[in-house]
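Text of run02.cif (mmCIF, C-alpha atoms and all ligand atoms) as supplied:
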data_upload
loop_
_atom_site.label_atom_id
_atom_site.label_comp_id
_atom_site.auth_asym_id
_atom_site.auth_seq_id
_atom_site.Cartn_x
_atom_site.Cartn_y
_atom_site.Cartn_z
CA MET A 692 82.16 142.13 152.92
CA ARG A 693 80.12 140.35 150.25
CA ALA A 694 77.29 138.06 151.30
CA LEU A 695 74.44 136.13 149.71
CA VAL A 696 71.38 137.57 151.46
CA PHE A 697 68.09 135.67 151.71
CA GLU A 698 65.81 138.66 151.09
CA SER A 699 62.44 136.96 150.57
CA PRO A 700 61.22 133.52 149.48
CA LEU A 701 62.96 132.46 146.24
CA THR A 702 65.14 135.61 146.32
CA MET A 703 68.87 135.36 147.08
CA VAL A 704 70.88 138.54 146.45
CA CYS A 705 74.68 138.91 146.54
CA ARG A 706 75.56 142.33 147.98
CA GLU A 707 77.78 144.25 150.40
CA VAL A 708 76.93 143.94 154.11
CA ALA A 709 78.77 144.98 157.29
CA ARG A 710 81.58 142.66 158.24
CA PRO A 711 80.85 141.08 161.65
CA ALA A 712 83.23 141.74 164.55
CA PRO A 713 83.99 138.97 167.06
CA ALA A 714 82.55 139.79 170.52
CA ALA A 715 84.16 138.57 173.74
CA GLY A 716 84.38 134.79 173.63
CA GLU A 717 83.96 134.70 169.85
CA ALA A 718 86.12 134.08 166.83
CA LEU A 719 85.84 135.58 163.35
CA VAL A 720 86.03 132.94 160.63
CA ARG A 721 86.89 133.52 156.98
CA VAL A 722 84.62 131.18 155.01
CA ARG A 723 86.22 128.80 152.52
CA TYR A 724 83.07 126.83 151.59
CA ALA A 725 79.47 126.64 152.76
CA GLY A 726 77.06 123.91 151.64
CA ILE A 727 73.45 124.36 150.55
CA CYS A 728 71.43 122.01 152.77
CA GLY A 729 67.94 120.62 152.12
CA SER A 730 66.75 122.66 155.11
CA GLU A 731 67.96 125.81 153.36
CA ILE A 732 65.95 124.84 150.28
CA HIS A 733 62.89 124.53 152.54
CA ALA A 734 63.70 128.01 153.93
CA TYR A 735 64.13 129.32 150.36
CA HIS A 736 60.51 128.25 149.75
CA GLY A 737 59.33 129.92 152.96
CA GLN A 738 58.81 126.55 154.65
CA HIS A 739 61.19 126.92 157.61
CA ALA A 740 59.91 128.27 160.94
CA LYS A 741 63.21 129.84 162.03
CA ARG A 742 65.22 130.52 158.86
CA VAL A 743 63.23 133.50 157.68
CA PRO A 744 64.30 136.56 155.66
CA PRO A 745 66.20 138.73 155.94
CA ALA A 746 69.07 136.38 156.83
CA ILE A 747 72.51 135.25 155.76
CA MET A 748 72.03 131.48 155.82
CA GLY A 749 74.70 128.77 155.60
CA HIS A 750 75.34 126.36 158.49
CA GLU A 751 77.53 123.72 156.80
CA VAL A 752 80.68 125.78 156.88
CA ALA A 753 84.42 125.24 156.63
CA GLY A 754 86.87 128.12 156.94
CA VAL A 755 89.95 129.58 158.55
CA VAL A 756 90.13 131.47 161.84
CA GLU A 757 90.74 135.13 160.99
CA ALA A 758 90.71 136.85 164.40
CA LEU A 759 89.82 136.21 168.02
CA GLY A 760 87.62 138.31 170.32
CA ALA A 761 88.48 139.28 173.89
CA GLY A 762 89.24 136.43 176.26
CA VAL A 763 89.67 133.81 173.52
CA THR A 764 92.89 131.81 173.39
CA GLY A 765 92.19 129.59 170.39
CA PRO A 766 91.96 128.08 167.90
CA ALA A 767 94.77 130.33 166.64
CA PRO A 768 94.26 132.56 163.60
CA GLY A 769 95.14 130.58 160.49
CA THR A 770 93.66 127.30 161.83
CA ARG A 771 91.37 125.46 159.38
CA VAL A 772 88.09 124.78 161.16
CA VAL A 773 84.51 123.59 160.91
CA VAL A 774 81.80 125.04 163.13
CA LEU A 775 79.22 123.21 165.22
CA PRO A 776 76.42 125.49 164.05
CA GLN A 777 74.19 125.31 167.09
CA LYS A 778 74.10 127.74 170.06
CA SER A 779 72.35 126.26 173.09
CA CYS A 780 71.54 128.15 176.29
CA GLY A 781 73.30 125.76 178.67
CA ALA A 782 70.64 126.31 181.34
CA CYS A 783 67.33 124.76 180.23
CA HIS A 784 66.20 121.23 181.14
CA TRP A 785 67.53 119.76 177.86
CA CYS A 786 70.89 121.52 178.00
CA THR A 787 71.45 120.36 181.58
CA HIS A 788 70.51 116.79 180.60
CA GLY A 789 73.03 116.34 177.78
CA GLN A 790 70.64 117.13 174.93
CA PRO A 791 71.55 120.63 173.72
CA ASN A 792 70.04 119.80 170.32
CA LEU A 793 66.64 120.06 172.02
CA CYS A 794 67.46 123.36 173.81
CA ASP A 795 64.38 125.52 174.36
CA ARG A 796 66.33 128.60 173.25
CA LYS A 797 68.48 127.05 170.52
CA VAL A 798 69.74 129.25 167.67
CA MET A 799 71.19 127.67 164.54
CA LEU A 800 73.81 129.38 162.40
CA GLY A 801 72.11 131.05 159.45
CA GLU A 802 69.04 132.25 161.32
CA PRO A 803 68.41 136.03 161.46
CA ALA A 804 69.95 136.18 164.97
CA TRP A 805 73.23 134.54 163.88
CA SER A 806 74.52 135.27 160.37
CA GLY A 807 75.97 132.20 158.68
CA GLY A 808 78.42 131.02 156.07
CA TYR A 809 77.00 132.59 152.90
CA GLY A 810 79.26 135.57 153.44
CA GLU A 811 83.00 136.16 153.44
CA PHE A 812 83.10 136.07 157.27
CA PHE A 813 80.96 135.06 160.23
CA ALA A 814 81.40 135.35 164.01
CA THR A 815 80.85 132.40 166.34
CA PRO A 816 81.51 131.39 169.94
CA ALA A 817 85.08 130.09 169.66
CA GLY A 818 84.18 126.95 171.60
CA LEU A 819 82.06 125.77 168.67
CA LEU A 820 85.05 125.61 166.31
CA HIS A 821 86.82 122.32 165.59
CA PRO A 822 90.18 122.08 163.78
CA VAL A 823 90.15 119.93 160.64
CA ALA A 824 92.92 117.51 159.58
CA ASP A 825 94.91 118.54 156.48
CA ARG A 826 93.77 115.51 154.50
CA VAL A 827 90.18 116.79 154.49
CA ALA A 828 89.67 119.35 151.71
CA ASP A 829 87.75 122.54 152.55
CA ASP A 830 84.69 121.62 150.48
CA VAL A 831 84.58 118.08 151.92
CA ALA A 832 84.80 119.48 155.46
CA THR A 833 81.37 121.09 154.99
CA LEU A 834 79.96 117.54 155.15
CA VAL A 835 80.83 117.16 158.85
CA GLU A 836 77.55 118.90 159.77
CA PRO A 837 75.19 116.69 157.70
CA LEU A 838 77.17 113.65 158.85
CA ALA A 839 76.61 114.73 162.47
CA VAL A 840 72.87 114.80 161.71
CA ALA A 841 73.18 111.23 160.40
CA VAL A 842 75.26 110.06 163.36
CA HIS A 843 72.58 111.38 165.71
CA ALA A 844 69.82 109.59 163.78
CA VAL A 845 71.75 106.30 163.69
CA ARG A 846 72.30 106.56 167.44
CA ARG A 847 68.59 107.37 167.98
CA ALA A 848 67.73 104.19 166.04
CA GLY A 849 70.19 102.11 168.05
CA VAL A 850 71.74 100.53 164.94
CA GLY A 851 74.26 97.85 165.89
CA LEU A 852 76.47 95.06 164.59
CA GLY A 853 74.96 93.11 161.72
CA ASP A 854 71.73 95.12 161.63
CA ARG A 855 69.76 95.34 158.41
CA VAL A 856 68.96 98.90 157.47
CA LEU A 857 67.00 100.82 154.85
CA VAL A 858 67.87 104.43 153.99
CA MET A 859 65.11 106.08 151.95
CA GLY A 860 66.57 108.97 149.96
CA ALA A 861 70.22 109.22 148.93
CA GLY A 862 70.68 112.98 148.98
CA ALA A 863 73.49 114.26 151.19
CA ILE A 864 71.72 113.37 154.45
CA GLY A 865 70.75 109.92 153.21
CA LEU A 866 74.28 109.28 151.96
CA MET A 867 75.74 110.35 155.29
CA THR A 868 73.23 108.02 156.98
CA VAL A 869 74.53 105.12 154.87
CA LEU A 870 78.08 105.92 156.03
CA ALA A 871 77.05 106.31 159.69
CA ALA A 872 74.98 103.10 159.69
CA ARG A 873 77.88 101.11 158.27
CA ALA A 874 80.25 102.69 160.81
CA ALA A 875 77.84 101.63 163.56
CA GLY A 876 78.08 98.04 162.33
CA ALA A 877 75.11 97.59 160.02
CA GLY A 878 75.67 94.49 157.87
CA THR A 879 73.08 95.21 155.20
CA VAL A 880 72.22 98.70 154.01
CA LEU A 881 69.62 99.12 151.27
CA ALA A 882 69.53 102.67 149.87
CA THR A 883 66.78 104.06 147.64
CA ASP A 884 66.58 107.18 145.52
CA LEU A 885 65.03 108.44 142.29
CA PHE A 886 68.46 108.92 140.70
CA ASP A 887 71.03 106.26 139.79
CA PHE A 888 73.78 108.89 140.23
CA ASN A 889 72.95 109.13 143.95
CA LEU A 890 72.66 105.36 144.29
CA GLU A 891 76.13 104.94 142.82
CA ARG A 892 77.43 107.27 145.55
CA ALA A 893 75.49 105.28 148.16
CA ARG A 894 77.34 102.14 147.08
CA GLY A 895 80.62 104.06 147.34
CA LEU A 896 79.79 104.94 150.95
CA GLY A 897 78.92 101.37 151.92
CA ALA A 898 75.38 100.58 150.77
CA THR A 899 75.26 96.82 150.11
CA HIS A 900 72.10 97.10 148.00
CA THR A 901 70.36 99.89 146.10
CA LEU A 902 66.95 100.28 144.51
CA ASN A 903 65.78 103.03 142.18
CA ALA A 904 62.46 104.15 143.71
CA ARG A 905 61.01 104.71 140.23
CA ALA A 906 61.15 100.94 139.69
CA GLY A 907 58.91 100.24 142.71
CA GLY A 908 58.88 97.04 144.72
CA LEU A 909 60.52 98.47 147.83
CA PRO A 910 58.60 96.67 150.60
CA GLU A 911 59.08 93.33 148.78
CA ARG A 912 62.83 93.94 148.39
CA ALA A 913 63.13 94.98 152.05
CA ARG A 914 61.29 91.89 153.28
CA GLU A 915 63.47 89.70 151.07
CA LEU A 916 66.66 91.20 152.55
CA GLY A 917 65.18 90.74 156.02
CA ASP A 918 64.51 86.97 155.72
CA GLY A 919 60.86 87.63 154.90
CA ARG A 920 60.31 89.72 158.04
CA GLY A 921 61.49 93.18 156.95
CA LEU A 922 64.42 95.34 158.04
CA ASP A 923 65.54 96.27 161.57
CA ALA A 924 65.87 100.02 161.09
CA VAL A 925 64.45 102.34 158.44
CA PHE A 926 65.49 105.98 157.96
CA LEU A 927 63.36 108.53 156.16
CA ALA A 928 65.90 110.87 154.59
CA ALA A 929 63.44 112.19 152.00
CA ASP A 930 59.83 113.32 152.02
CA ALA A 931 57.19 112.37 149.45
CA PRO A 932 53.58 111.23 149.58
CA GLY A 933 53.37 107.56 150.51
CA LEU A 934 56.94 107.32 151.78
CA PHE A 935 56.03 106.72 155.43
CA ASP A 936 53.66 103.89 154.48
CA GLN A 937 56.44 102.31 152.40
CA ALA A 938 58.74 102.61 155.41
CA VAL A 939 56.16 100.87 157.59
CA ARG A 940 55.78 98.05 155.08
CA SER A 941 59.58 97.62 154.90
CA THR A 942 60.15 97.43 158.67
CA ARG A 943 60.07 94.17 160.66
CA LYS A 944 57.91 93.71 163.75
CA GLN A 945 59.32 95.85 166.59
CA GLY A 946 61.67 97.54 164.11
CA THR A 947 62.50 101.24 164.23
CA ILE A 948 61.54 104.03 161.82
CA THR A 949 63.56 107.23 162.23
CA LEU A 950 62.46 110.55 160.74
CA ILE A 951 65.41 112.68 159.57
CA ALA A 952 64.09 114.70 156.63
CA MET A 953 61.90 117.78 157.03
CA PHE A 954 58.17 117.17 156.57
CA PRO A 955 56.52 120.55 155.94
CA ASP A 956 53.24 119.12 154.65
CA PRO A 957 50.89 117.12 156.92
CA ARG A 958 50.32 113.59 155.59
CA THR A 959 47.59 111.01 155.95
CA VAL A 960 49.28 107.79 157.03
CA ASP A 961 48.32 104.24 158.05
CA LEU A 962 48.73 103.96 161.82
CA GLN A 963 47.18 100.51 162.27
CA THR A 964 50.08 98.63 160.67
CA PRO A 965 52.86 100.19 162.84
CA LYS A 966 50.61 99.74 165.88
CA ALA A 967 50.03 96.06 165.18
CA MET A 968 53.71 95.45 164.33
CA GLU A 969 54.88 97.27 167.46
CA HIS A 970 57.07 99.63 165.45
CA VAL A 971 59.10 102.32 167.18
CA VAL A 972 58.85 105.67 165.38
CA ARG A 973 61.53 108.17 166.38
CA GLY A 974 62.15 111.79 165.51
CA SER A 975 65.72 113.03 165.16
CA LEU A 976 66.85 116.65 165.44
CA THR A 977 70.34 117.94 164.63
CA PHE A 978 73.12 116.57 166.87
CA THR A 979 74.91 116.76 170.19
CA PRO A 980 78.55 117.88 170.51
CA ASP A 981 79.52 114.22 170.79
CA ASP A 982 77.71 113.37 167.53
CA PHE A 983 79.67 116.21 165.90
CA ARG A 984 82.97 114.87 167.28
CA VAL A 985 82.19 111.40 165.91
CA ALA A 986 81.23 112.87 162.52
CA LEU A 987 84.51 114.79 162.29
CA GLY A 988 86.44 111.57 162.91
CA LEU A 989 84.41 109.72 160.26
CA ILE A 990 84.98 112.46 157.68
CA GLU A 991 88.72 112.29 158.37
CA ALA A 992 88.65 108.50 157.96
CA HIS A 993 86.57 108.58 154.76
CA ALA A 994 87.76 111.86 153.21
CA ALA A 995 88.42 110.31 149.80
CA THR A 996 85.04 108.57 149.40
CA VAL A 997 82.83 111.35 150.79
CA ALA A 998 84.44 113.79 148.34
CA ALA A 999 82.15 112.32 145.63
CA CYS A 1000 79.19 113.95 147.45
CA ILE A 1001 80.36 117.48 146.58
CA THR A 1002 79.14 117.80 143.00
CA HIS A 1003 78.84 121.56 142.35
CA ARG A 1004 80.84 124.63 143.39
CA PHE A 1005 79.71 128.23 142.86
CA GLY A 1006 80.94 131.67 143.83
CA LEU A 1007 78.69 133.86 146.01
CA ALA A 1008 77.85 136.05 142.99
CA GLU A 1009 76.32 132.93 141.38
CA GLY A 1010 74.44 132.10 144.60
CA ALA A 1011 70.96 132.67 143.17
CA GLU A 1012 71.74 130.26 140.33
CA ALA A 1013 73.21 127.76 142.81
CA PHE A 1014 69.96 127.79 144.82
CA ARG A 1015 67.85 127.31 141.68
CA LEU A 1016 70.01 124.33 140.72
CA ALA A 1017 69.94 122.76 144.20
CA ASP A 1018 66.16 123.29 144.29
CA ARG A 1019 65.60 121.50 140.96
CA ARG A 1020 67.27 118.32 142.34
CA GLY A 1021 68.13 117.14 138.86
CA GLU A 1022 70.28 114.15 138.02
CA ASP A 1023 73.99 114.25 138.91
CA LEU A 1024 73.68 116.51 141.95
CA VAL A 1025 74.27 115.79 145.62
CA ARG A 1026 75.76 118.76 147.44
CA VAL A 1027 76.17 122.26 146.04
CA VAL A 1028 78.72 124.40 147.88
CA LEU A 1029 79.33 128.16 147.75
CA ARG A 1030 82.79 129.73 147.83
CA PRO A 1031 83.00 133.40 148.87
ZN ZN A 1101 72.36 120.95 157.12
ZN ZN A 1102 69.06 125.15 176.58
#

Structure rendered as structure tokens:
Amino acid sequence: MRALVFESPLTMVCREVARPAPAAGEALVRVRYAGICGSEIHAYHGQHAKRVPPAIMGHEVAGVVEALGAGVTGPAPGTRVVVLPQKSCGACHWCTHGQPNLCDRKVMLGEPAWSGGYGEFFATPAGLLHPVADRVADDVATLVEPLAVAVHAVRRAGVGLGDRVLVMGAGAIGLMTVLAARAAGAGTVLATDLFDFNLERARGLGATHTLNARAGGLPERARELGDGRGLDAVFLAADAPGLFDQAVRSTRKQGTITLIAMFPDPRTVDLQTPKAMEHVVRGSLTFTPDDFRVALGLIEAHAATVAACITHRFGLAEGAEAFRLADRRGEDLVRVVLRP
């Protein structure tokens, strides 16, 4: 089969590789679309601890069941599916306490040990597959995974009815966070980004207010929307120097700051302000099966509006170009998807 192979940093090569065979308990999936995630761009730059070459990446995948391995009864071949791209051991402390996202032996789809969706086929434990409703297009279905990341973060932050929220960064993860926060009951959602194109999509997904970060004035705007106190929950869905300090200055006393983006470079940050304001700073890592189930339901409910987040489609042969484009993060781009 053809696959886009991550051969070394900044080098993606489309070539023939062996077609995987489904082992006992597994299904073989024919890929329809696979998204290029921000984490894959970090890997592309050699900044990801586990996604290292050589690998077939791609963990935001929608496809069709092609064949079943021994002992598997479903989903039946021909079923349109998305995959929960996380294998957990089921035995460690975290797995046995309902937090498989923190599994000590976790493997994500697209790591060297588990070839992902940038090929014509991939094999997966059949239990990780979820059928997708007909009204969700194949490319849109790839957004279930980033939405599950957002659902997990919104749950970590404890966002509830009427809460006032700031989402910093309106790339795919930030946009999905806007949707998840609104679904959780947030009354005010302020989204920021460097690009008006992304902010327009944020409004489409439920942001009540937007601010182009180039214009500045974020902490002032956040305090204004929070009756002079600041906002209840702030999500960092982007990484840039100074962003954490802006988050701190936008958050009310005892408010919550949740870290969703990847932060490969150490930063010098002000710790006295969050200490004195009794802020809660939370990390957030992938999702649980229940987060994924909730995300699938939200995608089905919002299929028409989330479709605006898929902005570019490329064949596998154009994969290297697709990565260069996703890496540049120019105007008018949210999610780039590959089609084998
Ligand atoms: Zn992702
Ligand atoms: Zn485990």

Please, which residues have at least one atom within 7 Å of an atom of ligand ZN 1102 (chain A), using only C-alpha atoms and all ligand atoms, listed as a PyMOL selection string?
chain A and resi 779-786+791+794-797

Pick out the residues sitting within 7 Å of Leu1024 in chain A, and hand them over as a PyMOL selection string; count only C-alpha atoms, and ignore anything fewer than 3 positions along from it in its own chain.
chain A and resi 1002+1020-1021

Store the residues picked out above, limited to C-alpha atoms, as an mmCIF file, in the frame of the given file.
data_model
loop_
_atom_site.group_PDB
_atom_site.id
_atom_site.type_symbol
_atom_site.label_atom_id
_atom_site.label_comp_id
_atom_site.auth_asym_id
_atom_site.auth_seq_id
_atom_site.Cartn_x
_atom_site.Cartn_y
_atom_site.Cartn_z
ATOM 1 C CA THR A 1002 79.140 117.800 143.000
ATOM 2 C CA ARG A 1020 67.270 118.320 142.340
ATOM 3 C CA GLY A 1021 68.130 117.140 138.860
#

Could you give me, as a ChimeraX atom specification, the residues within 8 Å of Phe812 in chain A, counting all atoms listed in the file and dropping anything in the same chain fewer than 2 positions from it?
/A:692,710-711,719-722,808,810,814

Could you pull the residues within 12 Å of Ala877 in chain A, counting all atoms listed in the file, minus those fewer than 4 positions along the same chain, as an NGL selection string?
:A and (845-846 or 848-858 or 868-873 or 881 or 897-899 or 922-925)

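Going from CA of Leu838 in chain A over to CA of Arg1004 in chain A, you cover 19.3 Å.
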
As a compact mmCIF listing (two decimals) with C-alpha atoms, in the coordinates of the input, please: every protein or nucleic acid residue near ligand ZN 1101 (chain A) (cut-off 12 Å, counting all atoms listed in the file).
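As written to disk, selection-v7.txt reads:
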# COMPACT_ATOMS: atom_id res chain seq x y z
CA ALA A 725 79.47 126.64 152.76
CA GLY A 726 77.06 123.91 151.64
CA ILE A 727 73.45 124.36 150.55
CA CYS A 728 71.43 122.01 152.77
CA GLY A 729 67.94 120.62 152.12
CA SER A 730 66.75 122.66 155.11
CA GLU A 731 67.96 125.81 153.36
CA ILE A 732 65.95 124.84 150.28
CA HIS A 733 62.89 124.53 152.54
CA ALA A 734 63.70 128.01 153.93
CA MET A 748 72.03 131.48 155.82
CA GLY A 749 74.70 128.77 155.60
CA HIS A 750 75.34 126.36 158.49
CA GLU A 751 77.53 123.72 156.80
CA VAL A 752 80.68 125.78 156.88
CA VAL A 774 81.80 125.04 163.13
CA LEU A 775 79.22 123.21 165.22
CA PRO A 776 76.42 125.49 164.05
CA GLN A 777 74.19 125.31 167.09
CA MET A 799 71.19 127.67 164.54
CA LEU A 800 73.81 129.38 162.40
CA GLY A 801 72.11 131.05 159.45
CA GLY A 807 75.97 132.20 158.68
CA GLY A 808 78.42 131.02 156.07
CA THR A 833 81.37 121.09 154.99
CA LEU A 834 79.96 117.54 155.15
CA VAL A 835 80.83 117.16 158.85
CA GLU A 836 77.55 118.90 159.77
CA PRO A 837 75.19 116.69 157.70
CA LEU A 838 77.17 113.65 158.85
CA ALA A 839 76.61 114.73 162.47
CA VAL A 840 72.87 114.80 161.71
CA ALA A 841 73.18 111.23 160.40
CA GLY A 862 70.68 112.98 148.98
CA ALA A 863 73.49 114.26 151.19
CA ILE A 864 71.72 113.37 154.45
CA GLY A 865 70.75 109.92 153.21
CA MET A 867 75.74 110.35 155.29
CA ILE A 951 65.41 112.68 159.57
CA ALA A 952 64.09 114.70 156.63
CA MET A 953 61.90 117.78 157.03
CA LEU A 976 66.85 116.65 165.44
CA THR A 977 70.34 117.94 164.63
CA PHE A 978 73.12 116.57 166.87
CA ARG A 1026 75.76 118.76 147.44
CA VAL A 1027 76.17 122.26 146.04
CA VAL A 1028 78.72 124.40 147.88

To one decimal in Å, tell me the separation between CA of Val755 in chain A and CA of Asn792 in chain A.
25.1 Å

Which centre and which edge lengths, in Å to one decimal, describe the axis-aligned box that holds all listed atoms of range 830-841 of chain A after 8 Å is added on each side, as AutoDock Vina command-line options?
--center_x 78.8 --center_y 116.4 --center_z 156.5 --size_x 27.9 --size_y 26.4 --size_z 28.0

Given all atoms listed in the file as the counted atoms, nearest of A:Gly818, A:Gly908, A:Gly737, A:Gly933 to Pro980 in chain A
A:Gly818

Would you mind completing range 896-916 of chain A so that it carries N, CA, C and O atoms, and writing it out as a PDB file, in the frame of the given file?
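part07.pdb written:
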ATOM      1  N   LEU A 896      79.710 104.643 149.511  1.00  0.00           N
ATOM      2  CA  LEU A 896      79.790 104.940 150.950  1.00  0.00           C
ATOM      3  C   LEU A 896      79.395 103.729 151.793  1.00  0.00           C
ATOM      4  O   LEU A 896      79.298 103.838 153.013  1.00  0.00           O
ATOM      5  N   GLY A 897      79.143 102.584 151.141  1.00  0.00           N
ATOM      6  CA  GLY A 897      78.920 101.370 151.920  1.00  0.00           C
ATOM      7  C   GLY A 897      77.565 100.715 151.794  1.00  0.00           C
ATOM      8  O   GLY A 897      77.314  99.699 152.455  1.00  0.00           O
ATOM      9  N   ALA A 898      76.668 101.257 150.962  1.00  0.00           N
ATOM     10  CA  ALA A 898      75.380 100.580 150.770  1.00  0.00           C
ATOM     11  C   ALA A 898      75.640  99.220 150.118  1.00  0.00           C
ATOM     12  O   ALA A 898      76.373  99.134 149.129  1.00  0.00           O
ATOM     13  N   THR A 899      75.065  98.165 150.676  1.00  0.00           N
ATOM     14  CA  THR A 899      75.260  96.820 150.110  1.00  0.00           C
ATOM     15  C   THR A 899      74.260  96.554 148.996  1.00  0.00           C
ATOM     16  O   THR A 899      74.500  95.704 148.140  1.00  0.00           O
ATOM     17  N   HIS A 900      73.139  97.277 149.011  1.00  0.00           N
ATOM     18  CA  HIS A 900      72.100  97.100 148.000  1.00  0.00           C
ATOM     19  C   HIS A 900      71.481  98.464 147.695  1.00  0.00           C
ATOM     20  O   HIS A 900      71.405  99.315 148.591  1.00  0.00           O
ATOM     21  N   THR A 901      71.044  98.650 146.448  1.00  0.00           N
ATOM     22  CA  THR A 901      70.360  99.890 146.100  1.00  0.00           C
ATOM     23  C   THR A 901      69.134  99.551 145.260  1.00  0.00           C
ATOM     24  O   THR A 901      69.070  98.503 144.615  1.00  0.00           O
ATOM     25  N   LEU A 902      68.169 100.463 145.295  1.00  0.00           N
ATOM     26  CA  LEU A 902      66.950 100.280 144.510  1.00  0.00           C
ATOM     27  C   LEU A 902      66.505 101.644 144.021  1.00  0.00           C
ATOM     28  O   LEU A 902      66.345 102.574 144.824  1.00  0.00           O
ATOM     29  N   ASN A 903      66.316 101.784 142.697  1.00  0.00           N
ATOM     30  CA  ASN A 903      65.780 103.030 142.180  1.00  0.00           C
ATOM     31  C   ASN A 903      64.270 103.055 142.486  1.00  0.00           C
ATOM     32  O   ASN A 903      63.531 102.172 142.065  1.00  0.00           O
ATOM     33  N   ALA A 904      63.848 104.084 143.239  1.00  0.00           N
ATOM     34  CA  ALA A 904      62.460 104.150 143.710  1.00  0.00           C
ATOM     35  C   ALA A 904      61.463 104.208 142.567  1.00  0.00           C
ATOM     36  O   ALA A 904      60.302 103.840 142.739  1.00  0.00           O
ATOM     37  N   ARG A 905      61.927 104.673 141.376  1.00  0.00           N
ATOM     38  CA  ARG A 905      61.010 104.710 140.230  1.00  0.00           C
ATOM     39  C   ARG A 905      60.585 103.302 139.802  1.00  0.00           C
ATOM     40  O   ARG A 905      59.519 103.117 139.223  1.00  0.00           O
ATOM     41  N   ALA A 906      61.444 102.319 140.104  1.00  0.00           N
ATOM     42  CA  ALA A 906      61.150 100.940 139.690  1.00  0.00           C
ATOM     43  C   ALA A 906      60.105 100.295 140.582  1.00  0.00           C
ATOM     44  O   ALA A 906      59.471  99.306 140.192  1.00  0.00           O
ATOM     45  N   GLY A 907      59.894 100.818 141.783  1.00  0.00           N
ATOM     46  CA  GLY A 907      58.910 100.240 142.710  1.00  0.00           C
ATOM     47  C   GLY A 907      59.417  98.964 143.339  1.00  0.00           C
ATOM     48  O   GLY A 907      60.576  98.566 143.160  1.00  0.00           O
ATOM     49  N   GLY A 908      58.540  98.328 144.119  1.00  0.00           N
ATOM     50  CA  GLY A 908      58.880  97.040 144.720  1.00  0.00           C
ATOM     51  C   GLY A 908      59.700  97.121 145.988  1.00  0.00           C
ATOM     52  O   GLY A 908      60.311  96.137 146.408  1.00  0.00           O
ATOM     53  N   LEU A 909      59.685  98.310 146.638  1.00  0.00           N
ATOM     54  CA  LEU A 909      60.520  98.470 147.830  1.00  0.00           C
ATOM     55  C   LEU A 909      60.136  97.541 148.992  1.00  0.00           C
ATOM     56  O   LEU A 909      61.012  96.825 149.500  1.00  0.00           O
ATOM     57  N   PRO A 910      58.874  97.505 149.416  1.00  0.00           N
ATOM     58  CA  PRO A 910      58.600  96.670 150.600  1.00  0.00           C
ATOM     59  C   PRO A 910      58.977  95.200 150.346  1.00  0.00           C
ATOM     60  O   PRO A 910      59.500  94.531 151.240  1.00  0.00           O
ATOM     61  N   GLU A 911      58.757  94.732 149.110  1.00  0.00           N
ATOM     62  CA  GLU A 911      59.080  93.330 148.780  1.00  0.00           C
ATOM     63  C   GLU A 911      60.596  93.109 148.898  1.00  0.00           C
ATOM     64  O   GLU A 911      61.040  92.103 149.465  1.00  0.00           O
ATOM     65  N   ARG A 912      61.362  94.067 148.348  1.00  0.00           N
ATOM     66  CA  ARG A 912      62.830  93.940 148.390  1.00  0.00           C
ATOM     67  C   ARG A 912      63.325  93.981 149.841  1.00  0.00           C
ATOM     68  O   ARG A 912      64.227  93.238 150.233  1.00  0.00           O
ATOM     69  N   ALA A 913      62.723  94.845 150.646  1.00  0.00           N
ATOM     70  CA  ALA A 913      63.130  94.980 152.050  1.00  0.00           C
ATOM     71  C   ALA A 913      62.817  93.697 152.822  1.00  0.00           C
ATOM     72  O   ALA A 913      63.646  93.223 153.612  1.00  0.00           O
ATOM     73  N   ARG A 914      61.648  93.130 152.573  1.00  0.00           N
ATOM     74  CA  ARG A 914      61.290  91.890 153.280  1.00  0.00           C
ATOM     75  C   ARG A 914      62.235  90.765 152.880  1.00  0.00           C
ATOM     76  O   ARG A 914      62.668  89.962 153.705  1.00  0.00           O
ATOM     77  N   GLU A 915      62.556  90.722 151.577  1.00  0.00           N
ATOM     78  CA  GLU A 915      63.470  89.700 151.070  1.00  0.00           C
ATOM     79  C   GLU A 915      64.835  89.792 151.764  1.00  0.00           C
ATOM     80  O   GLU A 915      65.404  88.782 152.193  1.00  0.00           O
ATOM     81  N   LEU A 916      65.348  91.020 151.898  1.00  0.00           N
ATOM     82  CA  LEU A 916      66.660  91.200 152.550  1.00  0.00           C
ATOM     83  C   LEU A 916      66.574  90.962 154.054  1.00  0.00           C
ATOM     84  O   LEU A 916      67.595  90.763 154.708  1.00  0.00           O
TER      85      LEU A 916
END
